[in-house]
$ cat coords.cif   # mmCIF, C-alpha atoms
data_structure
#
loop_
_atom_site.label_atom_id
_atom_site.label_comp_id
_atom_site.auth_asym_id
_atom_site.auth_seq_id
_atom_site.Cartn_x
_atom_site.Cartn_y
_atom_site.Cartn_z
CA MET A 1 -37.50 68.91 7.64
CA THR A 2 -39.20 71.52 5.49
CA ARG A 3 -42.30 70.06 3.91
CA ARG A 4 -42.03 69.67 0.13
CA LEU A 5 -44.61 66.97 -0.43
CA PRO A 6 -48.25 67.41 -1.43
CA ALA A 7 -50.75 66.89 1.37
CA ILE A 8 -51.32 63.23 2.25
CA ASP A 9 -54.83 63.17 0.77
CA GLU A 10 -53.49 64.73 -2.44
CA MET A 11 -50.84 62.04 -2.74
CA ILE A 12 -53.38 59.27 -2.18
CA GLY A 13 -55.67 60.84 -4.76
CA ALA A 14 -52.87 61.20 -7.31
CA LEU A 15 -51.86 57.55 -6.96
CA ILE A 16 -55.46 56.35 -7.31
CA SER A 17 -55.83 58.48 -10.45
CA GLU A 18 -52.97 56.59 -12.15
CA PRO A 19 -54.52 53.36 -13.56
CA SER A 20 -52.18 50.42 -12.92
CA ILE A 21 -54.28 47.29 -13.28
CA SER A 22 -52.36 44.04 -13.54
CA SER A 23 -54.11 40.95 -14.80
CA ALA A 24 -53.30 37.57 -16.27
CA ASP A 25 -55.79 38.52 -18.99
CA PRO A 26 -53.95 40.78 -21.48
CA ARG A 27 -57.22 42.55 -22.28
CA HIS A 28 -57.16 44.13 -18.83
CA ASP A 29 -53.44 44.30 -18.08
CA GLN A 30 -51.86 47.77 -17.83
CA GLY A 31 -48.48 49.24 -16.94
CA ASN A 32 -47.55 50.79 -13.59
CA LEU A 33 -45.09 53.45 -14.75
CA GLY A 34 -47.46 56.33 -13.95
CA VAL A 35 -47.48 55.31 -10.28
CA ILE A 36 -43.74 54.62 -10.27
CA HIS A 37 -42.83 58.04 -11.67
CA ARG A 38 -45.14 59.87 -9.24
CA LEU A 39 -43.53 58.10 -6.29
CA ALA A 40 -40.05 58.68 -7.68
CA GLU A 41 -40.68 62.41 -8.04
CA TRP A 42 -41.95 62.77 -4.48
CA ALA A 43 -39.16 60.59 -3.08
CA GLU A 44 -36.50 62.68 -4.80
CA THR A 45 -37.87 65.85 -3.20
CA LEU A 46 -37.11 64.26 0.18
CA GLY A 47 -33.58 63.28 -0.81
CA PHE A 48 -34.14 59.63 -1.64
CA ARG A 49 -31.74 58.06 -4.11
CA VAL A 50 -34.12 56.67 -6.72
CA GLU A 51 -33.69 53.59 -8.90
CA ILE A 52 -36.35 52.54 -11.39
CA ASP A 53 -35.74 48.90 -12.27
CA PRO A 54 -37.66 47.78 -15.41
CA VAL A 55 -39.59 44.51 -15.24
CA ASN A 56 -40.73 44.84 -18.85
CA GLU A 57 -41.40 47.68 -21.26
CA ARG A 58 -44.51 48.83 -19.34
CA LYS A 59 -43.68 47.90 -15.77
CA ALA A 60 -40.97 48.55 -13.20
CA ASN A 61 -40.01 48.28 -9.56
CA LEU A 62 -39.07 51.40 -7.60
CA ILE A 63 -36.19 51.19 -5.12
CA ALA A 64 -35.73 54.51 -3.31
CA THR A 65 -33.15 54.81 -0.54
CA LEU A 66 -32.87 57.57 2.04
CA GLY A 67 -29.69 58.15 4.06
CA ALA A 68 -26.73 56.02 5.15
CA SER A 69 -25.12 55.38 1.78
CA ARG A 70 -22.15 53.38 3.12
CA SER A 71 -22.24 49.86 1.69
CA ASN A 72 -22.14 48.10 5.05
CA ASP A 73 -25.14 50.04 6.34
CA ILE A 74 -27.58 48.24 4.05
CA GLU A 75 -27.47 45.24 6.39
CA GLY A 76 -29.40 47.17 9.01
CA GLY A 77 -31.80 49.10 6.81
CA LEU A 78 -35.59 49.21 7.05
CA VAL A 79 -37.62 48.43 3.94
CA LEU A 80 -41.20 49.72 3.66
CA SER A 81 -42.81 47.95 0.75
CA GLY A 82 -46.01 48.17 -1.25
CA HIS A 83 -47.22 46.96 -4.62
CA THR A 84 -48.14 49.62 -7.15
CA ASP A 85 -50.76 47.67 -9.10
CA THR A 86 -54.44 46.95 -8.55
CA VAL A 87 -56.89 44.30 -9.66
CA PRO A 88 -59.35 45.02 -12.50
CA CYS A 89 -62.67 46.60 -11.57
CA ASN A 90 -66.23 47.04 -12.80
CA PRO A 91 -66.76 50.83 -12.80
CA GLU A 92 -70.51 50.44 -13.37
CA LEU A 93 -70.81 48.78 -9.94
CA TRP A 94 -69.10 51.63 -8.09
CA SER A 95 -70.92 54.52 -6.43
CA SER A 96 -68.20 56.88 -7.70
CA ASP A 97 -65.36 56.86 -10.23
CA PRO A 98 -62.88 54.16 -9.08
CA PHE A 99 -59.99 56.24 -10.46
CA THR A 100 -60.92 59.36 -8.49
CA ALA A 101 -60.34 59.48 -4.75
CA THR A 102 -63.71 60.36 -3.23
CA GLU A 103 -64.02 61.25 0.45
CA ARG A 104 -67.32 60.54 2.19
CA ASP A 105 -68.53 58.94 5.40
CA GLY A 106 -65.05 59.15 6.95
CA ARG A 107 -63.50 57.13 4.15
CA ILE A 108 -61.47 57.56 0.98
CA TYR A 109 -63.03 55.56 -1.84
CA GLY A 110 -61.05 54.53 -4.92
CA LEU A 111 -59.40 51.56 -6.61
CA GLY A 112 -56.24 50.82 -4.62
CA SER A 113 -57.23 53.00 -1.66
CA ALA A 114 -56.88 50.04 0.72
CA ASP A 115 -54.99 47.59 -1.50
CA MET A 116 -52.59 49.32 -1.36
CA LYS A 117 -51.61 52.66 -2.90
CA SER A 118 -52.39 54.67 0.23
CA PHE A 119 -49.63 52.89 2.14
CA LEU A 120 -47.04 54.23 -0.32
CA ALA A 121 -48.18 57.78 0.43
CA LEU A 122 -48.01 57.09 4.16
CA ILE A 123 -44.38 55.97 3.79
CA LEU A 124 -43.43 59.30 2.24
CA GLU A 125 -45.38 61.27 4.84
CA ALA A 126 -43.58 59.41 7.63
CA ALA A 127 -40.16 59.81 5.98
CA ALA A 128 -40.68 63.57 5.63
CA GLN A 129 -40.47 63.90 9.42
CA PHE A 130 -36.78 62.94 9.56
CA ARG A 131 -33.52 64.60 8.58
CA ILE A 132 -31.30 62.60 6.26
CA GLN A 133 -28.20 63.24 8.36
CA ASP A 134 -29.86 61.69 11.42
CA LEU A 135 -30.40 58.30 9.76
CA GLN A 136 -27.82 55.78 10.94
CA ARG A 137 -29.25 53.06 8.70
CA PRO A 138 -30.99 53.49 5.34
CA LEU A 139 -34.72 53.71 4.83
CA VAL A 140 -35.87 52.00 1.62
CA LEU A 141 -39.17 52.67 -0.10
CA LEU A 142 -39.93 49.68 -2.31
CA GLY A 143 -42.72 49.78 -4.90
CA THR A 144 -43.26 46.54 -6.80
CA ALA A 145 -45.02 45.53 -10.02
CA ASP A 146 -47.61 42.84 -10.71
CA GLU A 147 -48.36 41.65 -7.18
CA GLU A 148 -51.99 41.09 -8.16
CA SER A 149 -51.13 38.74 -11.03
CA SER A 150 -47.74 37.08 -11.43
CA MET A 151 -45.74 38.81 -8.66
CA SER A 152 -43.11 39.39 -11.34
CA GLY A 153 -41.72 42.44 -9.54
CA ALA A 154 -40.96 40.58 -6.31
CA ARG A 155 -39.74 37.53 -8.22
CA GLN A 156 -37.30 39.74 -10.12
CA LEU A 157 -35.90 41.12 -6.86
CA LEU A 158 -35.33 37.57 -5.66
CA ALA A 159 -33.72 36.52 -8.96
CA GLN A 160 -31.39 39.54 -8.67
CA ASN A 161 -30.67 38.67 -5.03
CA ARG A 162 -31.25 42.33 -4.17
CA GLN A 163 -29.95 43.02 -0.68
CA LEU A 164 -32.31 45.78 0.41
CA GLY A 165 -32.23 45.67 4.19
CA ARG A 166 -32.63 43.59 7.32
CA GLN A 167 -36.19 44.48 8.38
CA ALA A 168 -39.25 44.91 6.17
CA VAL A 169 -42.90 45.86 6.46
CA ILE A 170 -45.31 45.12 3.62
CA GLY A 171 -48.29 47.45 3.94
CA GLU A 172 -51.13 45.19 2.84
CA PRO A 173 -54.46 46.12 4.48
CA THR A 174 -54.49 44.43 7.88
CA GLY A 175 -56.21 47.08 9.99
CA LEU A 176 -52.71 48.11 11.20
CA LYS A 177 -52.38 44.72 12.90
CA PRO A 178 -49.04 42.92 12.45
CA ILE A 179 -49.23 39.67 10.49
CA ARG A 180 -46.37 37.18 10.76
CA MET A 181 -47.89 34.22 8.89
CA HIS A 182 -49.95 33.59 5.79
CA LYS A 183 -50.90 30.60 3.71
CA GLY A 184 -49.42 29.84 0.32
CA VAL A 185 -51.30 29.93 -2.97
CA MET A 186 -51.30 27.27 -5.70
CA MET A 187 -53.52 27.15 -8.77
CA GLU A 188 -53.66 23.96 -10.81
CA SER A 189 -55.31 22.83 -14.04
CA ILE A 190 -56.50 19.22 -14.19
CA MET A 191 -57.43 18.14 -17.72
CA VAL A 192 -59.13 14.89 -18.67
CA ARG A 193 -59.00 14.09 -22.38
CA GLY A 194 -61.27 11.42 -23.82
CA GLN A 195 -62.82 10.70 -27.17
CA ALA A 196 -65.83 12.49 -28.66
CA GLY A 197 -68.64 10.56 -30.30
CA HIS A 198 -72.36 10.43 -30.91
CA SER A 199 -74.34 10.31 -27.69
CA SER A 200 -76.65 7.60 -29.03
CA ASN A 201 -73.94 4.99 -28.47
CA PRO A 202 -71.63 5.41 -25.44
CA ALA A 203 -69.22 2.85 -26.91
CA LEU A 204 -68.33 5.30 -29.68
CA GLY A 205 -66.39 7.55 -27.31
CA ALA A 206 -64.78 8.01 -23.93
CA ASN A 207 -66.58 10.60 -21.82
CA ALA A 208 -64.16 13.05 -20.21
CA ILE A 209 -66.85 14.32 -17.83
CA VAL A 210 -67.32 10.82 -16.43
CA GLY A 211 -63.55 10.59 -16.01
CA MET A 212 -63.51 13.98 -14.29
CA GLN A 213 -66.10 12.70 -11.82
CA ALA A 214 -63.57 10.15 -10.57
CA VAL A 215 -60.83 12.80 -10.52
CA MET A 216 -62.96 15.18 -8.44
CA ALA A 217 -63.74 12.46 -5.93
CA GLU A 218 -60.00 11.84 -5.53
CA VAL A 219 -59.25 15.56 -5.17
CA LEU A 220 -61.84 15.85 -2.40
CA ALA A 221 -60.40 12.78 -0.68
CA PHE A 222 -56.93 14.38 -0.92
CA GLN A 223 -58.33 17.55 0.64
CA GLN A 224 -59.68 15.59 3.60
CA GLU A 225 -56.35 13.82 4.00
CA LEU A 226 -54.49 17.16 4.13
CA LYS A 227 -57.02 18.46 6.65
CA ASP A 228 -56.40 15.44 8.87
CA LEU A 229 -52.59 15.76 8.63
CA TYR A 230 -51.97 19.50 8.93
CA ARG A 231 -53.36 22.03 11.40
CA ASN A 232 -52.28 25.46 12.61
CA PRO A 233 -54.53 27.10 15.24
CA ALA A 234 -53.17 30.57 14.39
CA PHE A 235 -55.39 30.62 11.30
CA ALA A 236 -59.15 31.14 11.31
CA VAL A 237 -59.37 28.26 8.84
CA ASP A 238 -56.71 26.17 10.53
CA TYR A 239 -56.10 23.58 7.79
CA PRO A 240 -54.93 23.64 4.15
CA THR A 241 -57.81 24.09 1.73
CA ILE A 242 -58.54 22.95 -1.82
CA ASN A 243 -61.20 24.83 -3.75
CA LEU A 244 -62.83 23.42 -6.89
CA GLY A 245 -63.01 26.77 -8.61
CA ALA A 246 -64.10 26.20 -12.22
CA ILE A 247 -64.96 23.36 -14.54
CA HIS A 248 -65.39 23.34 -18.31
CA GLY A 249 -66.28 20.38 -20.48
CA GLY A 250 -68.24 19.40 -23.55
CA ASP A 251 -70.11 21.51 -26.08
CA ASN A 252 -73.47 19.87 -26.78
CA PRO A 253 -75.94 17.48 -25.10
CA ASN A 254 -75.81 15.00 -27.97
CA ARG A 255 -72.01 14.65 -28.09
CA ILE A 256 -69.85 12.54 -25.84
CA CYS A 257 -67.54 14.97 -24.09
CA GLY A 258 -64.00 14.77 -25.44
CA ALA A 259 -62.28 17.06 -22.94
CA CYS A 260 -63.00 18.41 -19.46
CA GLU A 261 -60.86 20.80 -17.38
CA LEU A 262 -61.02 21.49 -13.64
CA LEU A 263 -59.28 24.50 -12.08
CA ILE A 264 -58.44 24.29 -8.40
CA ASP A 265 -56.92 26.58 -5.76
CA ILE A 266 -54.78 25.14 -2.94
CA ARG A 267 -53.86 27.12 0.19
CA PRO A 268 -51.04 25.32 2.07
CA LEU A 269 -50.02 26.17 5.62
CA PRO A 270 -46.53 27.38 6.61
CA GLY A 271 -44.16 24.43 6.60
CA MET A 272 -45.81 22.79 3.57
CA ASP A 273 -43.65 22.94 0.44
CA ILE A 274 -45.59 23.86 -2.71
CA ASN A 275 -43.42 21.71 -5.00
CA THR A 276 -43.85 18.66 -2.81
CA LEU A 277 -47.59 19.30 -2.63
CA HIS A 278 -47.85 19.57 -6.44
CA GLU A 279 -46.06 16.25 -6.86
CA ALA A 280 -48.27 14.62 -4.23
CA LEU A 281 -51.37 15.78 -6.13
CA CYS A 282 -50.01 14.36 -9.39
CA GLN A 283 -49.20 11.02 -7.79
CA ARG A 284 -52.59 10.90 -6.09
CA LEU A 285 -54.43 11.33 -9.41
CA GLU A 286 -52.11 9.17 -11.51
CA GLY A 287 -54.16 5.97 -11.48
CA THR A 288 -57.60 7.56 -11.32
CA LEU A 289 -58.50 6.87 -14.97
CA ALA A 290 -56.95 3.41 -15.22
CA ARG A 291 -60.31 1.74 -15.90
CA ASP A 292 -60.57 3.33 -19.35
CA PRO A 293 -57.29 3.51 -21.32
CA ARG A 294 -58.89 5.99 -23.73
CA LEU A 295 -58.99 8.65 -20.97
CA HIS A 296 -55.83 10.64 -20.34
CA LEU A 297 -54.92 12.98 -17.47
CA GLU A 298 -52.83 16.16 -17.51
CA VAL A 299 -52.01 18.17 -14.37
CA LYS A 300 -50.19 21.47 -14.68
CA ARG A 301 -49.59 24.61 -12.66
CA LEU A 302 -51.38 27.77 -13.72
CA PHE A 303 -48.56 29.86 -12.19
CA GLU A 304 -45.37 29.22 -10.25
CA GLY A 305 -47.15 29.27 -6.93
CA LEU A 306 -46.68 31.39 -3.84
CA PRO A 307 -45.02 29.77 -0.82
CA ALA A 308 -46.55 30.07 2.60
CA PHE A 309 -44.88 32.59 4.89
CA GLU A 310 -43.90 32.67 8.55
CA THR A 311 -41.77 35.04 10.62
CA PRO A 312 -40.97 33.62 14.08
CA ALA A 313 -42.97 34.95 17.02
CA GLU A 314 -39.79 35.74 18.94
CA ASN A 315 -38.29 37.67 16.01
CA HIS A 316 -37.16 41.22 16.92
CA MET A 317 -39.26 42.74 14.13
CA THR A 318 -42.33 40.82 15.27
CA ARG A 319 -41.91 42.10 18.83
CA SER A 320 -41.35 45.69 17.67
CA CYS A 321 -44.47 45.72 15.50
CA GLU A 322 -46.53 44.22 18.32
CA THR A 323 -45.26 46.86 20.71
CA PHE A 324 -45.76 49.81 18.37
CA SER A 325 -49.20 48.69 17.14
CA GLY A 326 -50.45 47.49 20.51
CA GLN A 327 -51.72 44.29 18.88
CA PRO A 328 -50.45 40.70 18.85
CA ALA A 329 -49.13 39.36 15.56
CA GLY A 330 -51.58 37.15 13.73
CA ALA A 331 -52.11 35.06 10.59
CA VAL A 332 -54.14 35.51 7.40
CA ALA A 333 -55.22 33.29 4.54
CA PHE A 334 -54.41 35.70 1.70
CA GLY A 335 -51.00 35.79 0.03
CA THR A 336 -48.46 38.62 -0.15
CA GLU A 337 -44.91 39.28 -1.38
CA ALA A 338 -43.58 38.44 2.10
CA PRO A 339 -42.08 35.03 1.13
CA PHE A 340 -39.82 36.75 -1.42
CA LEU A 341 -38.57 39.40 1.00
CA ASP A 342 -38.11 36.69 3.60
CA GLN A 343 -35.97 34.68 1.16
CA LEU A 344 -33.87 37.82 0.61
CA GLY A 345 -32.96 37.71 4.28
CA MET A 346 -35.32 40.30 5.73
CA GLN A 347 -37.27 39.97 8.97
CA THR A 348 -40.66 40.64 7.41
CA ILE A 349 -44.04 41.65 8.81
CA VAL A 350 -47.23 42.41 6.89
CA MET A 351 -49.01 45.43 8.37
CA GLY A 352 -50.89 48.32 6.81
CA PRO A 353 -53.99 50.54 6.90
CA GLY A 354 -57.38 49.47 5.62
CA PHE A 355 -59.02 46.07 5.68
CA ILE A 356 -58.69 43.15 3.26
CA ASP A 357 -62.48 42.76 3.32
CA GLN A 358 -62.75 45.98 1.29
CA ALA A 359 -60.18 44.90 -1.32
CA HIS A 360 -61.02 43.49 -4.77
CA GLN A 361 -64.61 44.71 -4.75
CA PRO A 362 -66.67 47.77 -5.74
CA ASP A 363 -66.43 50.83 -3.48
CA GLU A 364 -63.07 49.84 -2.02
CA TYR A 365 -62.15 52.31 0.69
CA LEU A 366 -59.59 53.37 3.28
CA PRO A 367 -60.86 54.59 6.67
CA LEU A 368 -59.59 58.12 7.31
CA GLU A 369 -59.02 57.14 10.93
CA HIS A 370 -56.20 54.80 9.81
CA ILE A 371 -54.10 57.53 8.20
CA ARG A 372 -52.59 59.29 11.22
CA PRO A 373 -52.05 56.09 13.27
CA GLY A 374 -50.48 54.51 10.18
CA ILE A 375 -48.04 57.39 9.76
CA ASP A 376 -47.20 57.32 13.46
CA LEU A 377 -46.59 53.57 13.36
CA LEU A 378 -44.21 53.89 10.39
CA SER A 379 -42.45 56.82 12.07
CA ARG A 380 -41.76 54.72 15.16
CA LEU A 381 -40.35 51.93 13.01
CA ILE A 382 -38.12 54.38 11.13
CA GLU A 383 -36.89 55.82 14.39
CA ARG A 384 -36.21 52.38 15.84
CA TYR A 385 -34.42 50.82 12.85
CA CYS A 386 -32.92 53.79 11.05
CA LEU A 387 -32.17 56.39 13.75
CA ASN A 388 -31.45 54.16 16.74
CA PRO A 389 -30.57 50.76 15.25
CA ASP A 390 -28.27 49.67 18.05
CA GLN A 391 -30.72 50.08 20.91
#
$ encode --input "coords.cif" --output "structure tokens"
Amino acid sequence: MTRRLPAIDEMIGALISEPSISSADPRHDQGNLGVIHRLAEWAETLGFRVEIDPVNERKANLIATLGASRSNDIEGGLVLSGHTDTVPCNPELWSSDPFTATERDGRIYGLGSADMKSFLALILEAAAQFRIQDLQRPLVLLGTADEESSMSGARQLLAQNRQLGRQAVIGEPTGLKPIRMHKGVMMESIMVRGQAGHSSNPALGANAIVGMQAVMAEVLAFQQELKDLYRNPAFAVDYPTINLGAIHGGDNPNRICGACELLIDIRPLPGMDINTLHEALCQRLEGTLARDPRLHLEVKRLFEGLPAFETPAENHMTRSCETFSGQPAGAVAFGTEAPFLDQLGMQTIVMGPGFIDQAHQPDEYLPLEHIRPGIDLLSRLIERYCLNPDQ
């Protein structure tokens, strides 16, 4: 195919230069349409059929399809997926402008270089090697919104029951190692409400901090119980974890604290249902404050929660990615959009260039040495599932 794309480093640089921060804090939250329209323009030059699916007025998913337009062919298509947003950053802590791709020391520095705008450029570079008429099954480039906050883009695809393909690769930074399992993510608010009063007489109030002390002891006991019940040796931390992440209570030393809130993070293993786990937490804490009827407990989810994910080891996609990468499929603790693609019926693997250790921190970078192997790996997958799907 005649090349009509910018050079790969130019595409990576252009995507990094389009700010697309997503955040639960509206002060930092931005749209992703700049990234979406760049990708759409490049995809159209290669012959992709482009659909921009709005998530809200500032955000959208991109669904770009190359080849094999017959309706029955979608069942065998390959989906290469990446999120188009990034986390917020602190520019003053960076050695260079986070919104300018800077090459030094064999790396490309920039916000989203590893997590995960570069992967979207690699998809296009790999697709440019093939002729549309040779594709027996469609190739789908999927760019999603809000993965770093609410995962609203992937949730919308699931709500729409979008049938995109049979196999999928999500290009999160894994060092080009296939990942077939990850833990789930839950974030919960535990609020103890008491009664404020003057500190000179404890009987004048009900101290929410004292109540929270009992709650925290029960949460830690629940964590130990989960650790004793559930193990998976595929994970470096092979048990479900509960992190006491933040606590806020009271306003002055001479006032009895009237309210105290604890925020926790729970990382369940595959096979653990997040709804069941939430209910178990609520039941576990229900009687914690019974000694003082003036103390009241509220437990609520901070977001819908992300299920744990697992693709079977014997799955065809797992075996293909192991063969093409030369590495066994593994497990990670961080969450991805894989559970949503899995629920849409796709054999899903997480595998992309860069390392998660460089994500979400100053001077995020992509090793240059991952670019060519990453393109080659995607090309082999396209050939296997789009050109020769029946082999």
$ atom_distance --input "coords.cif" --atom1 "atom CA of Gly110 of chain A" --atom2 "atom CA of Thr336 of chain A"
20.8 Å
$ resolve_selection --input "coords.cif" --expression "the PyMOL selection byres ((chain A and resi 175) around 9)" --output "list in words"
Glu172, Pro173, Thr174, Leu176, Lys177, Pro178, Met351, Gly352, Pro353, Gly354, Phe355, Ile356 and His370 of chain A
$ resolve_selection --input "coords.cif" --expression "the PyMOL selection byres ((chain A and resi 262) around 10)" --output "list in words"
Glu188, Ser189, Ile190, Met191, Val192, Met212, Val215, Met216, Leu244, Gly245, Ala246, Ile247, His248, Gly249, Cys260, Glu261, Leu263, Ile264 and Val299 of chain A
$ write_last_selection --input "coords.cif" --atoms "C-alpha atoms" --output "mmCIF file, in the frame of the given file"
data_model
loop_
_atom_site.group_PDB
_atom_site.id
_atom_site.type_symbol
_atom_site.label_atom_id
_atom_site.label_comp_id
_atom_site.auth_asym_id
_atom_site.auth_seq_id
_atom_site.Cartn_x
_atom_site.Cartn_y
_atom_site.Cartn_z
ATOM 1 C CA GLU A 188 -53.660 23.960 -10.810
ATOM 2 C CA SER A 189 -55.310 22.830 -14.040
ATOM 3 C CA ILE A 190 -56.500 19.220 -14.190
ATOM 4 C CA MET A 191 -57.430 18.140 -17.720
ATOM 5 C CA VAL A 192 -59.130 14.890 -18.670
ATOM 6 C CA MET A 212 -63.510 13.980 -14.290
ATOM 7 C CA VAL A 215 -60.830 12.800 -10.520
ATOM 8 C CA MET A 216 -62.960 15.180 -8.440
ATOM 9 C CA LEU A 244 -62.830 23.420 -6.890
ATOM 10 C CA GLY A 245 -63.010 26.770 -8.610
ATOM 11 C CA ALA A 246 -64.100 26.200 -12.220
ATOM 12 C CA ILE A 247 -64.960 23.360 -14.540
ATOM 13 C CA HIS A 248 -65.390 23.340 -18.310
ATOM 14 C CA GLY A 249 -66.280 20.380 -20.480
ATOM 15 C CA CYS A 260 -63.000 18.410 -19.460
ATOM 16 C CA GLU A 261 -60.860 20.800 -17.380
ATOM 17 C CA LEU A 263 -59.280 24.500 -12.080
ATOM 18 C CA ILE A 264 -58.440 24.290 -8.400
ATOM 19 C CA VAL A 299 -52.010 18.170 -14.370
#
$ resolve_selection --input "coords.cif" --expression "the PyMOL selection byres ((chain A and resi 3-15) around 9)" --output "ChimeraX atom specification"
/A:1-2,16-19,34-35,38-39,42-43,45-46,84,99-102,108,110,112-113,117-122,124-125,128-129,371
$ write_last_selection --input "coords.cif" --atoms "C-alpha atoms" --output "PDB file, in the frame of the given file"
ATOM      1  CA  MET A   1     -37.500  68.910   7.640  1.00  0.00           C
ATOM      2  CA  THR A   2     -39.200  71.520   5.490  1.00  0.00           C
ATOM      3  CA  ILE A  16     -55.460  56.350  -7.310  1.00  0.00           C
ATOM      4  CA  SER A  17     -55.830  58.480 -10.450  1.00  0.00           C
ATOM      5  CA  GLU A  18     -52.970  56.590 -12.150  1.00  0.00           C
ATOM      6  CA  PRO A  19     -54.520  53.360 -13.560  1.00  0.00           C
ATOM      7  CA  GLY A  34     -47.460  56.330 -13.950  1.00  0.00           C
ATOM      8  CA  VAL A  35     -47.480  55.310 -10.280  1.00  0.00           C
ATOM      9  CA  ARG A  38     -45.140  59.870  -9.240  1.00  0.00           C
ATOM     10  CA  LEU A  39     -43.530  58.100  -6.290  1.00  0.00           C
ATOM     11  CA  TRP A  42     -41.950  62.770  -4.480  1.00  0.00           C
ATOM     12  CA  ALA A  43     -39.160  60.590  -3.080  1.00  0.00           C
ATOM     13  CA  THR A  45     -37.870  65.850  -3.200  1.00  0.00           C
ATOM     14  CA  LEU A  46     -37.110  64.260   0.180  1.00  0.00           C
ATOM     15  CA  THR A  84     -48.140  49.620  -7.150  1.00  0.00           C
ATOM     16  CA  PHE A  99     -59.990  56.240 -10.460  1.00  0.00           C
ATOM     17  CA  THR A 100     -60.920  59.360  -8.490  1.00  0.00           C
ATOM     18  CA  ALA A 101     -60.340  59.480  -4.750  1.00  0.00           C
ATOM     19  CA  THR A 102     -63.710  60.360  -3.230  1.00  0.00           C
ATOM     20  CA  ILE A 108     -61.470  57.560   0.980  1.00  0.00           C
ATOM     21  CA  GLY A 110     -61.050  54.530  -4.920  1.00  0.00           C
ATOM     22  CA  GLY A 112     -56.240  50.820  -4.620  1.00  0.00           C
ATOM     23  CA  SER A 113     -57.230  53.000  -1.660  1.00  0.00           C
ATOM     24  CA  LYS A 117     -51.610  52.660  -2.900  1.00  0.00           C
ATOM     25  CA  SER A 118     -52.390  54.670   0.230  1.00  0.00           C
ATOM     26  CA  PHE A 119     -49.630  52.890   2.140  1.00  0.00           C
ATOM     27  CA  LEU A 120     -47.040  54.230  -0.320  1.00  0.00           C
ATOM     28  CA  ALA A 121     -48.180  57.780   0.430  1.00  0.00           C
ATOM     29  CA  LEU A 122     -48.010  57.090   4.160  1.00  0.00           C
ATOM     30  CA  LEU A 124     -43.430  59.300   2.240  1.00  0.00           C
ATOM     31  CA  GLU A 125     -45.380  61.270   4.840  1.00  0.00           C
ATOM     32  CA  ALA A 128     -40.680  63.570   5.630  1.00  0.00           C
ATOM     33  CA  GLN A 129     -40.470  63.900   9.420  1.00  0.00           C
ATOM     34  CA  ILE A 371     -54.100  57.530   8.200  1.00  0.00           C
TER      35      ILE A 371
END
$ residues_around --input "coords.cif" --residues "Gly250 of chain A" --least-positions-apart "5" --cutoff "7 Å" --atoms "all atoms listed in the file" --output "list in words"
Cys257, Gly258, Ala259 and Cys260 of chain A
$ closest_residue --input "coords.cif" --among "A:Ile274, A:Met317, A:Phe324, A:Val50" --to "Ser379 of chain A" --atoms "all atoms listed in the file"
A:Phe324
$ atom_distance --input "coords.cif" --atom1 "atom CA of Ile382 of chain A" --atom2 "atom CA of Tyr365 of chain A"
26.3 Å
$ atom_distance --input "coords.cif" --atom1 "atom CA of Val79 of chain A" --atom2 "atom CA of Gln327 of chain A"
21.0 Å
$ closest_residue --input "coords.cif" --among "A:Lys300, A:Arg380, A:His28, A:Arg319" --to "Asn90 of chain A" --atoms "only C-alpha atoms"
A:His28
$ closest_residue --input "coords.cif" --among "A:Ala196, A:Ile123, A:Leu158, A:Ala145" --to "Phe340 of chain A" --atoms "only C-alpha atoms"
A:Leu158
$ residues_around --input "coords.cif" --residues "segment 229-234 of chain A" --least-positions-apart "3" --cutoff "8 Å" --atoms "all atoms listed in the file" --output "ChimeraX atom specification"
/A:225-226,238-240,269,330-331
$ closest_residue --input "coords.cif" --among "A:Leu142, A:Ala68, A:Leu377, A:Leu344" --to "Gly326 of chain A" --atoms "all atoms listed in the file"
A:Leu377
$ closest_residue --input "coords.cif" --among "A:Ala280, A:Leu80, A:Ile256, A:Leu306" --to "Leu378 of chain A" --atoms "only C-alpha atoms"
A:Leu80
$ build_atoms --input "coords.cif" --residues "segment 245-251 of chain A" --atoms "N, CA and C atoms" --output "mmCIF file, keeping the file's coordinate frame"
data_model
loop_
_atom_site.group_PDB
_atom_site.id
_atom_site.type_symbol
_atom_site.label_atom_id
_atom_site.label_comp_id
_atom_site.auth_asym_id
_atom_site.auth_seq_id
_atom_site.Cartn_x
_atom_site.Cartn_y
_atom_site.Cartn_z
ATOM 1 N N GLY A 245 -62.624 25.424 -8.232
ATOM 2 C CA GLY A 245 -63.010 26.770 -8.610
ATOM 3 C C GLY A 245 -63.767 26.903 -9.911
ATOM 4 N N ALA A 246 -63.452 26.085 -10.919
ATOM 5 C CA ALA A 246 -64.100 26.200 -12.220
ATOM 6 C C ALA A 246 -63.974 24.871 -12.944
ATOM 7 N N ILE A 247 -65.001 24.573 -13.748
ATOM 8 C CA ILE A 247 -64.960 23.360 -14.540
ATOM 9 C C ILE A 247 -65.580 23.642 -15.911
ATOM 10 N N HIS A 248 -64.942 23.114 -16.942
ATOM 11 C CA HIS A 248 -65.390 23.340 -18.310
ATOM 12 C C HIS A 248 -65.264 22.026 -19.077
ATOM 13 N N GLY A 249 -66.357 21.608 -19.705
ATOM 14 C CA GLY A 249 -66.280 20.380 -20.480
ATOM 15 C C GLY A 249 -67.452 20.217 -21.429
ATOM 16 N N GLY A 250 -67.192 19.690 -22.592
ATOM 17 C CA GLY A 250 -68.240 19.400 -23.550
ATOM 18 C C GLY A 250 -68.756 20.630 -24.277
ATOM 19 N N ASP A 251 -69.579 20.394 -25.295
ATOM 20 C CA ASP A 251 -70.110 21.510 -26.080
ATOM 21 C C ASP A 251 -71.548 21.308 -26.512
#
